[in-house]
>>> print(open('coords31.txt').read())   # compact mmCIF, C-alpha atoms
# COMPACT_ATOMS: atom_id res chain seq x y z
CA MET A 1 99.41 35.77 190.41
CA ASP A 2 99.45 32.28 191.86
CA LYS A 3 97.78 31.85 195.18
CA ILE A 4 100.31 31.58 197.97
CA ALA A 5 99.99 28.19 199.58
CA ASP A 6 99.33 28.13 203.31
CA LYS A 7 101.25 25.10 204.53
CA ARG A 8 99.86 25.20 208.06
CA ASP A 9 97.70 22.22 208.92
CA GLU A 10 94.60 23.62 210.59
CA SER A 11 93.54 20.11 211.64
CA ALA A 12 96.56 20.00 213.93
CA VAL A 13 94.84 22.52 216.24
CA THR A 14 92.47 20.71 218.58
CA ARG A 15 89.90 21.99 221.06
CA THR A 16 88.56 20.34 224.19
CA VAL A 17 85.39 21.60 225.82
CA LEU A 18 85.79 22.51 229.49
CA PRO A 19 83.05 22.48 232.13
CA ALA A 20 81.41 25.86 232.56
CA PRO A 21 82.38 27.86 235.66
CA ALA A 22 78.87 27.35 237.05
CA VAL A 23 79.38 23.58 236.95
CA LEU A 24 82.53 23.71 239.10
CA ARG A 25 80.97 26.23 241.45
CA GLU A 26 78.11 23.80 242.00
CA GLU A 27 80.50 20.86 242.42
CA PHE A 28 82.67 22.75 244.94
CA PRO A 29 80.41 25.40 246.49
CA VAL A 30 81.52 28.16 248.82
CA SER A 31 80.56 27.19 252.35
CA ALA A 32 79.55 29.73 254.97
CA ALA A 33 82.99 29.39 256.57
CA SER A 34 84.78 29.96 253.25
CA TYR A 35 82.62 32.95 252.43
CA GLN A 36 83.42 34.56 255.76
CA THR A 37 87.15 33.92 255.30
CA VAL A 38 87.23 35.40 251.79
CA ALA A 39 85.20 38.45 252.76
CA GLN A 40 87.26 39.15 255.88
CA GLY A 41 90.49 38.82 253.88
CA ARG A 42 89.31 41.30 251.24
CA VAL A 43 88.12 43.79 253.82
CA ALA A 44 91.38 43.53 255.74
CA ILE A 45 93.44 44.37 252.65
CA GLN A 46 91.08 47.17 251.66
CA ARG A 47 91.54 48.64 255.12
CA LEU A 48 95.33 48.35 254.80
CA LEU A 49 95.19 50.19 251.47
CA ASN A 50 93.01 52.93 252.99
CA ARG A 51 95.23 53.28 256.11
CA GLN A 52 92.37 52.12 258.33
CA ASP A 53 94.41 49.17 259.60
CA SER A 54 98.02 49.40 260.78
CA ARG A 55 98.83 45.69 260.62
CA PHE A 56 101.54 44.27 258.34
CA LEU A 57 100.57 42.11 255.37
CA VAL A 58 102.36 38.81 254.76
CA VAL A 59 101.53 36.70 251.71
CA THR A 60 103.40 33.41 252.05
CA GLY A 61 103.23 30.06 250.31
CA PRO A 62 104.61 27.95 247.47
CA CYS A 63 106.03 29.56 244.35
CA SER A 64 103.52 27.34 242.57
CA ILE A 65 101.27 24.54 243.74
CA HIS A 66 101.87 21.20 242.07
CA ASP A 67 100.64 18.88 244.85
CA PRO A 68 97.29 19.84 246.44
CA GLU A 69 97.90 17.45 249.35
CA ALA A 70 101.17 19.16 250.28
CA ALA A 71 99.57 22.59 249.79
CA LEU A 72 96.76 21.69 252.19
CA ASP A 73 99.38 20.40 254.64
CA TYR A 74 101.10 23.81 254.41
CA ALA A 75 97.76 25.59 254.93
CA ARG A 76 97.00 23.54 258.05
CA ARG A 77 100.31 24.66 259.53
CA LEU A 78 99.89 28.29 258.50
CA ALA A 79 96.25 28.76 259.58
CA PRO A 80 96.87 28.63 263.36
CA LEU A 81 99.82 31.02 263.02
CA ALA A 82 97.67 33.43 261.02
CA ALA A 83 95.12 33.39 263.83
CA GLN A 84 97.75 33.63 266.58
CA TYR A 85 99.48 36.62 264.98
CA SER A 86 96.34 38.37 263.70
CA ASP A 87 96.70 41.26 266.15
CA LYS A 88 99.75 42.55 264.25
CA LEU A 89 99.90 40.62 260.96
CA VAL A 90 97.44 39.98 258.15
CA ILE A 91 98.57 36.61 256.79
CA LEU A 92 97.36 35.14 253.50
CA MET A 93 98.48 31.94 251.82
CA ARG A 94 100.03 32.21 248.39
CA THR A 95 98.08 29.78 246.13
CA TYR A 96 99.55 30.16 242.65
CA PHE A 97 98.11 27.72 240.10
CA GLU A 98 99.49 29.28 236.91
CA LYS A 99 103.09 30.07 236.00
CA PRO A 100 104.19 32.54 233.32
CA ARG A 101 107.13 31.40 231.22
CA THR A 102 109.72 33.45 229.35
CA THR A 103 109.94 30.61 226.81
CA VAL A 104 108.55 27.19 227.75
CA GLY A 105 108.19 25.00 230.81
CA TRP A 106 105.60 23.57 233.19
CA ARG A 107 102.85 26.18 233.41
CA GLY A 108 101.15 25.21 236.63
CA LEU A 109 98.54 22.96 238.20
CA ILE A 110 95.65 24.22 236.09
CA ASN A 111 97.53 23.83 232.81
CA ASP A 112 99.07 20.41 233.50
CA PRO A 113 97.87 18.91 236.81
CA HIS A 114 99.45 15.49 236.20
CA LEU A 115 102.87 17.06 235.41
CA ASP A 116 103.20 14.83 232.37
CA GLY A 117 102.30 16.97 229.37
CA THR A 118 98.71 15.70 229.10
CA TYR A 119 97.29 19.18 229.84
CA ASP A 120 94.15 17.92 231.57
CA MET A 121 92.92 21.43 232.30
CA SER A 122 89.44 20.28 233.28
CA GLU A 123 91.00 18.31 236.14
CA GLY A 124 93.39 21.17 236.87
CA LEU A 125 90.52 23.61 237.37
CA ARG A 126 88.72 21.10 239.61
CA ARG A 127 91.79 20.55 241.78
CA ALA A 128 92.41 24.28 242.09
CA ARG A 129 88.87 25.14 243.13
CA LYS A 130 88.60 22.20 245.53
CA LEU A 131 91.85 23.21 247.23
CA LEU A 132 90.75 26.84 247.59
CA VAL A 133 87.52 25.74 249.25
CA GLU A 134 89.48 23.51 251.66
CA ILE A 135 92.00 26.22 252.56
CA THR A 136 89.45 28.98 253.11
CA GLU A 137 87.35 26.64 255.25
CA LEU A 138 90.36 26.60 257.62
CA GLY A 139 89.85 30.33 258.10
CA LEU A 140 92.93 31.17 256.02
CA PRO A 141 92.42 33.70 253.19
CA VAL A 142 94.36 33.20 249.97
CA ALA A 143 96.12 35.18 247.25
CA THR A 144 96.90 34.16 243.68
CA GLU A 145 98.35 35.47 240.43
CA LEU A 146 95.72 36.17 237.78
CA LEU A 147 97.43 34.87 234.66
CA ASP A 148 95.02 33.38 232.13
CA THR A 149 92.12 35.78 231.63
CA ALA A 150 89.62 32.89 231.42
CA THR A 151 90.47 31.09 234.67
CA PRO A 152 89.31 33.61 237.33
CA ASP A 153 85.69 32.84 236.40
CA TYR A 154 86.30 29.42 237.99
CA PHE A 155 87.62 30.56 241.37
CA ALA A 156 87.75 34.36 241.84
CA ASP A 157 84.95 34.06 244.40
CA LEU A 158 87.46 32.33 246.71
CA ILE A 159 90.35 34.81 246.37
CA SER A 160 91.06 37.70 248.76
CA PHE A 161 94.03 39.27 246.96
CA GLY A 162 95.02 39.04 243.31
CA SER A 163 98.34 39.81 241.66
CA ILE A 164 99.21 40.68 238.08
CA GLY A 165 102.73 39.51 237.29
CA ALA A 166 105.65 41.41 235.79
CA ARG A 167 105.15 39.79 232.36
CA THR A 168 101.43 40.60 232.15
CA THR A 169 101.15 43.99 233.86
CA GLU A 170 101.52 45.66 230.45
CA SER A 171 98.76 43.50 228.95
CA GLN A 172 95.55 45.35 228.15
CA PRO A 173 93.34 42.25 228.68
CA HIS A 174 94.79 41.77 232.17
CA ARG A 175 94.22 45.40 233.09
CA ALA A 176 90.61 45.14 231.93
CA MET A 177 90.15 41.87 233.80
CA ALA A 178 91.56 43.39 237.00
CA SER A 179 89.11 46.28 236.71
CA GLY A 180 86.28 43.85 237.37
CA MET A 181 87.86 41.68 240.05
CA PRO A 182 85.95 41.55 243.35
CA MET A 183 89.15 41.73 245.38
CA PRO A 184 92.16 44.08 245.75
CA VAL A 185 94.80 43.58 243.04
CA GLY A 186 98.54 44.28 243.11
CA PHE A 187 100.56 45.06 239.97
CA LYS A 188 104.24 44.14 239.76
CA ASN A 189 106.83 46.39 238.20
CA GLY A 190 108.34 45.15 234.92
CA THR A 191 111.10 42.57 234.76
CA ASP A 192 113.48 45.43 233.87
CA GLY A 193 112.68 47.14 237.17
CA GLU A 194 110.77 50.03 235.62
CA LEU A 195 107.63 51.24 237.36
CA GLN A 196 105.73 52.97 234.58
CA ILE A 197 103.91 49.94 233.19
CA ALA A 198 102.65 49.11 236.68
CA LEU A 199 101.51 52.70 237.24
CA ASP A 200 99.72 52.70 233.90
CA ALA A 201 98.12 49.36 234.76
CA MET A 202 96.87 50.62 238.11
CA GLN A 203 95.26 53.65 236.49
CA SER A 204 93.71 51.46 233.83
CA ALA A 205 92.35 48.95 236.34
CA GLN A 206 90.68 51.73 238.32
CA SER A 207 88.69 52.67 235.21
CA LYS A 208 85.65 51.09 233.58
CA HIS A 209 86.20 48.59 230.78
CA SER A 210 84.21 46.57 228.27
CA TYR A 211 85.75 43.45 226.76
CA LEU A 212 84.96 39.99 225.39
CA GLY A 213 84.71 37.34 228.05
CA PHE A 214 82.54 34.49 229.31
CA ASP A 215 79.60 34.21 231.65
CA GLU A 216 79.21 31.55 234.35
CA ASP A 217 77.65 29.19 231.81
CA GLY A 218 80.66 29.48 229.49
CA ARG A 219 78.93 31.62 226.86
CA CYS A 220 80.91 34.32 225.10
CA CYS A 221 79.66 37.75 226.14
CA VAL A 222 80.55 41.40 226.60
CA VAL A 223 81.90 42.00 230.11
CA ARG A 224 81.43 45.51 231.46
CA THR A 225 83.34 46.42 234.61
CA PRO A 226 82.95 49.27 237.13
CA GLY A 227 86.68 49.75 237.76
CA ASN A 228 88.62 48.47 240.76
CA PRO A 229 89.56 51.15 243.31
CA ASP A 230 91.62 48.73 245.42
CA VAL A 231 94.96 48.52 243.63
CA CYS A 232 98.56 48.64 244.84
CA LEU A 233 102.11 48.46 243.52
CA VAL A 234 104.24 45.35 244.02
CA LEU A 235 108.01 45.86 243.92
CA ARG A 236 109.83 42.72 242.76
CA GLY A 237 113.24 44.07 241.73
CA GLY A 238 114.70 44.36 238.24
CA LYS A 239 117.33 43.03 235.88
CA LYS A 240 120.47 41.23 237.05
CA SER A 241 119.03 40.68 240.52
CA GLN A 242 118.84 44.43 241.14
CA PRO A 243 116.62 44.99 244.22
CA ASN A 244 114.19 47.88 244.54
CA TYR A 245 113.06 47.68 248.17
CA ASP A 246 115.74 50.04 249.59
CA ARG A 247 114.73 53.44 250.94
CA VAL A 248 115.71 55.32 247.79
CA SER A 249 113.77 52.96 245.52
CA VAL A 250 110.70 53.02 247.77
CA ALA A 251 110.79 56.83 247.98
CA ARG A 252 111.01 57.01 244.19
CA ALA A 253 108.05 54.65 243.88
CA VAL A 254 105.98 56.72 246.31
CA ALA A 255 106.79 59.89 244.35
CA CYS A 256 105.73 58.20 241.10
CA LEU A 257 102.49 56.97 242.65
CA ASP A 258 101.73 60.44 243.97
CA LYS A 259 102.46 62.06 240.59
CA ALA A 260 100.09 59.60 238.92
CA GLY A 261 97.36 60.32 241.46
CA LEU A 262 97.52 56.76 242.78
CA PRO A 263 97.33 55.56 246.40
CA PRO A 264 100.80 55.16 248.00
CA GLY A 265 100.38 51.48 248.80
CA ILE A 266 103.38 49.21 248.20
CA VAL A 267 103.88 45.49 248.79
CA VAL A 268 107.43 44.15 248.43
CA ASP A 269 108.04 40.77 246.82
CA ALA A 270 110.88 39.44 248.97
CA SER A 271 111.72 36.84 246.34
CA HIS A 272 112.83 37.18 242.70
CA ALA A 273 115.33 39.97 242.04
CA ASN A 274 114.87 41.47 245.51
CA SER A 275 116.53 38.43 247.05
CA GLY A 276 118.89 37.77 244.16
CA TYR A 277 116.87 34.60 243.52
CA ASP A 278 118.27 33.16 246.75
CA PRO A 279 115.34 31.99 248.94
CA GLU A 280 117.48 32.11 252.08
CA ARG A 281 117.73 35.90 251.69
CA GLN A 282 113.98 36.40 251.86
CA PRO A 283 113.89 36.75 255.67
CA PHE A 284 116.54 39.49 255.45
CA VAL A 285 114.43 41.38 252.90
CA ALA A 286 111.18 40.91 254.84
CA GLU A 287 112.68 42.08 258.12
CA LYS A 288 114.30 45.08 256.49
CA ILE A 289 110.93 46.09 255.06
CA GLY A 290 109.45 45.67 258.52
CA ARG A 291 112.09 47.96 260.00
CA GLN A 292 111.55 50.58 257.31
CA ARG A 293 107.84 50.46 258.08
CA LEU A 294 108.47 50.86 261.82
CA GLU A 295 110.76 53.81 261.14
CA GLY A 296 107.93 55.71 259.50
CA ASP A 297 107.46 54.54 255.93
CA LYS A 298 103.73 53.92 256.00
CA SER A 299 103.60 53.28 252.24
CA LEU A 300 105.03 49.79 252.87
CA LEU A 301 102.00 47.59 253.44
CA GLY A 302 103.75 44.23 253.64
CA VAL A 303 105.70 41.47 251.90
CA MET A 304 105.32 38.42 249.68
CA ILE A 305 107.37 35.31 250.50
CA GLU A 306 107.91 32.15 248.45
CA SER A 307 107.80 29.33 250.99
CA ASN A 308 107.12 25.60 251.02
CA LEU A 309 107.28 22.65 253.38
CA VAL A 310 110.81 21.86 252.20
CA GLY A 311 113.31 24.50 251.13
CA GLY A 312 114.89 24.72 247.68
CA LYS A 313 113.54 23.33 244.41
CA GLN A 314 113.55 20.12 242.40
CA SER A 315 112.97 18.96 238.85
CA ILE A 316 109.76 17.20 237.87
CA SER A 317 110.37 13.45 237.96
CA LYS A 318 108.80 10.19 239.11
CA GLU A 319 110.61 10.41 242.46
CA MET A 320 109.94 13.84 243.93
CA VAL A 321 110.40 15.16 247.46
CA TYR A 322 107.07 15.87 249.17
CA GLY A 323 106.47 19.58 249.73
CA LYS A 324 109.38 20.84 247.62
CA SER A 325 108.95 23.38 244.83
CA VAL A 326 109.16 22.39 241.16
CA THR A 327 109.49 26.02 240.03
CA ASP A 328 111.38 28.74 241.95
CA ALA A 329 113.36 27.73 245.02
CA CYS A 330 111.45 28.41 248.24
CA LEU A 331 112.15 29.05 251.88
CA GLY A 332 111.56 25.97 254.07
CA TRP A 333 108.72 25.73 256.60
CA ASP A 334 110.88 25.94 259.74
CA GLU A 335 112.53 29.14 258.47
CA THR A 336 109.13 30.54 257.49
CA GLU A 337 107.63 29.81 260.89
CA ALA A 338 110.59 31.52 262.58
CA LEU A 339 110.30 34.54 260.26
CA LEU A 340 106.61 35.00 261.04
CA ALA A 341 107.40 34.91 264.75
CA ARG A 342 110.11 37.57 264.33
CA LEU A 343 107.85 39.81 262.25
CA HIS A 344 105.12 39.56 264.87
CA ALA A 345 107.56 40.39 267.66
CA MET A 346 108.91 43.29 265.59
CA PHE A 347 105.53 45.00 265.43
>>> encode(input="coords31.txt", output="structure tokens")
Amino acid sequence: MDKIADKRDESAVTRTVLPAPAVLREEFPVSAASYQTVAQGRVAIQRLLNRQDSRFLVVTGPCSIHDPEAALDYARRLAPLAAQYSDKLVILMRTYFEKPRTTVGWRGLINDPHLDGTYDMSEGLRRARKLLVEITELGLPVATELLDTATPDYFADLISFGSIGARTTESQPHRAMASGMPMPVGFKNGTDGELQIALDAMQSAQSKHSYLGFDEDGRCCVVRTPGNPDVCLVLRGGKKSQPNYDRVSVARAVACLDKAGLPPGIVVDASHANSGYDPERQPFVAEKIGRQRLEGDKSLLGVMIESNLVGGKQSISKEMVYGKSVTDACLGWDETEALLARLHAMF
């Protein structure tokens, strides 16, 4: 039988060597101030998960960061509010550098930092780590989505709260990765609104794993993890903008967590399907969650908010508005500042 011809051109696949994680850690080291910020943020969330802290968690920031200068501007505005409201709120800045895509599209600062299809990931990793050092030096802890399984080696030491998104919660590599993360990790329900994949992921992440990964010098190795006890469920709604933060949905989630032997900790994503993809509805969702918490639902730990300096969203172009999202539409800064004040007064 004739050999079947393989018409794929293997030479079309190229590879570019990246700096090892140790190189970037040396270039942008963790200062004493950053270390204290990161550690305090992790401990605060651990205490929330273990019911040792009654404050309300708020993770707020851009849907995705495309301009480090604007992100640092946002952080400088948020940091004093986080300190001012720290008696009742635990505030972290959302610093998302990677974006999952259903098909194609701009995949975030790390993947394409110049927003022009050149995919200068070496520069993207540098910009991401540098920004995290700058933000945490302000005393503001940060949260991010853990998307590519290789990238946390470059900056996980600066993160206080990690999230596994709806599209990757079912992924075995992401569950194994989360099991070795040095910070609490939240798992979102599936895009269809179902909880089971998130429950399975939480159980998996609490267990030990062994998988192929890389060490700080970039060498391929076997990574063995101890399991991550600090996991929680993130409710982000389901199909056709169907929310799942109402009392019935939350009670169902708590029952499912209890049946699975998992801690009853829930964070509500006030964006995505829970707000019908309308950023102006996020304050309504956040305040409703706050009221449900005040009325006795202690499973509700806090909320996630997509917020930027300027509300709405824009397309990537040569003439872009400073501080405006290029991915999901966000709540503007003035509305965010007012929401934080109302949440603080509420508690």
>>> residues_around(input="coords31.txt", residues="segment 157-173 of chain A", least_positions_apart="4", cutoff="8 Å", atoms="only C-alpha atoms", output="PyMOL selection string")
chain A and resi 30+34-35+38-39+41-42+45+100+132-133+136+141-147+149+177+182-191+197-198+201+211
>>> residues_around(input="coords31.txt", residues="Leu199 of chain A", least_positions_apart="4", cutoff="12 Å", atoms="all atoms listed in the file", output="ChimeraX atom specification")
/A:169-170,175,186-190,194-195,203-206,231-235,253-266
>>> residues_around(input="coords31.txt", residues="Leu109 of chain A", least_positions_apart="5", cutoff="10 Å", atoms="all atoms listed in the file", output="MDAnalysis selection string")
chainID A and resid 64:68 96:99 114:115 119:121 123:125 127:128
>>> residues_near_point(input="coords31.txt", point="(107.6, 33.5, 251.3)", cutoff="6 Å", atoms="only C-alpha atoms", output="VMD selection string")
chain A and resid 60 to 61 304 to 307
>>> atom_distance(input="coords31.txt", atom1="atom CA of Cys330 of chain A", atom2="atom CA of Glu295 of chain A")
28.5 Å
>>> atom_distance(input="coords31.txt", atom1="atom CA of Ile135 of chain A", atom2="atom CA of Gly213 of chain A")
27.9 Å
>>> build_atoms(input="coords31.txt", residues="segment 190-205 of chain A", atoms="N, CA and C atoms", output="short mmCIF file (atom, residue, chain, number, x, y, z; two decimals), in the frame of the given file")
data_model
loop_
_atom_site.label_atom_id
_atom_site.label_comp_id
_atom_site.auth_asym_id
_atom_site.auth_seq_id
_atom_site.Cartn_x
_atom_site.Cartn_y
_atom_site.Cartn_z
N GLY A 190 107.84 45.97 236.01
CA GLY A 190 108.34 45.15 234.92
C GLY A 190 109.59 44.39 235.28
N THR A 191 109.92 43.39 234.49
CA THR A 191 111.10 42.57 234.76
C THR A 191 112.39 43.39 234.65
N ASP A 192 112.31 44.56 233.97
CA ASP A 192 113.48 45.43 233.87
C ASP A 192 113.60 46.37 235.06
N GLY A 193 112.65 46.29 235.99
CA GLY A 193 112.68 47.14 237.17
C GLY A 193 111.93 48.44 237.04
N GLU A 194 111.47 48.76 235.83
CA GLU A 194 110.77 50.03 235.62
C GLU A 194 109.36 49.99 236.21
N LEU A 195 108.91 51.15 236.68
CA LEU A 195 107.63 51.24 237.36
C LEU A 195 106.47 51.65 236.46
N GLN A 196 106.78 52.31 235.33
CA GLN A 196 105.73 52.97 234.58
C GLN A 196 104.62 52.04 234.11
N ILE A 197 104.98 50.82 233.67
CA ILE A 197 103.91 49.94 233.19
C ILE A 197 102.97 49.54 234.33
N ALA A 198 103.50 49.43 235.53
CA ALA A 198 102.65 49.11 236.68
C ALA A 198 101.76 50.30 237.03
N LEU A 199 102.31 51.50 236.96
CA LEU A 199 101.51 52.70 237.24
C LEU A 199 100.40 52.85 236.22
N ASP A 200 100.73 52.63 234.95
CA ASP A 200 99.72 52.70 233.90
C ASP A 200 98.63 51.64 234.13
N ALA A 201 99.06 50.45 234.52
CA ALA A 201 98.12 49.36 234.76
C ALA A 201 97.17 49.68 235.91
N MET A 202 97.70 50.27 236.97
CA MET A 202 96.87 50.62 238.11
C MET A 202 95.81 51.64 237.72
N GLN A 203 96.22 52.65 236.95
CA GLN A 203 95.26 53.65 236.49
C GLN A 203 94.20 53.02 235.60
N SER A 204 94.64 52.13 234.72
CA SER A 204 93.71 51.46 233.83
C SER A 204 92.72 50.60 234.60
N ALA A 205 93.21 49.84 235.58
CA ALA A 205 92.35 48.95 236.34
C ALA A 205 91.33 49.70 237.19
#
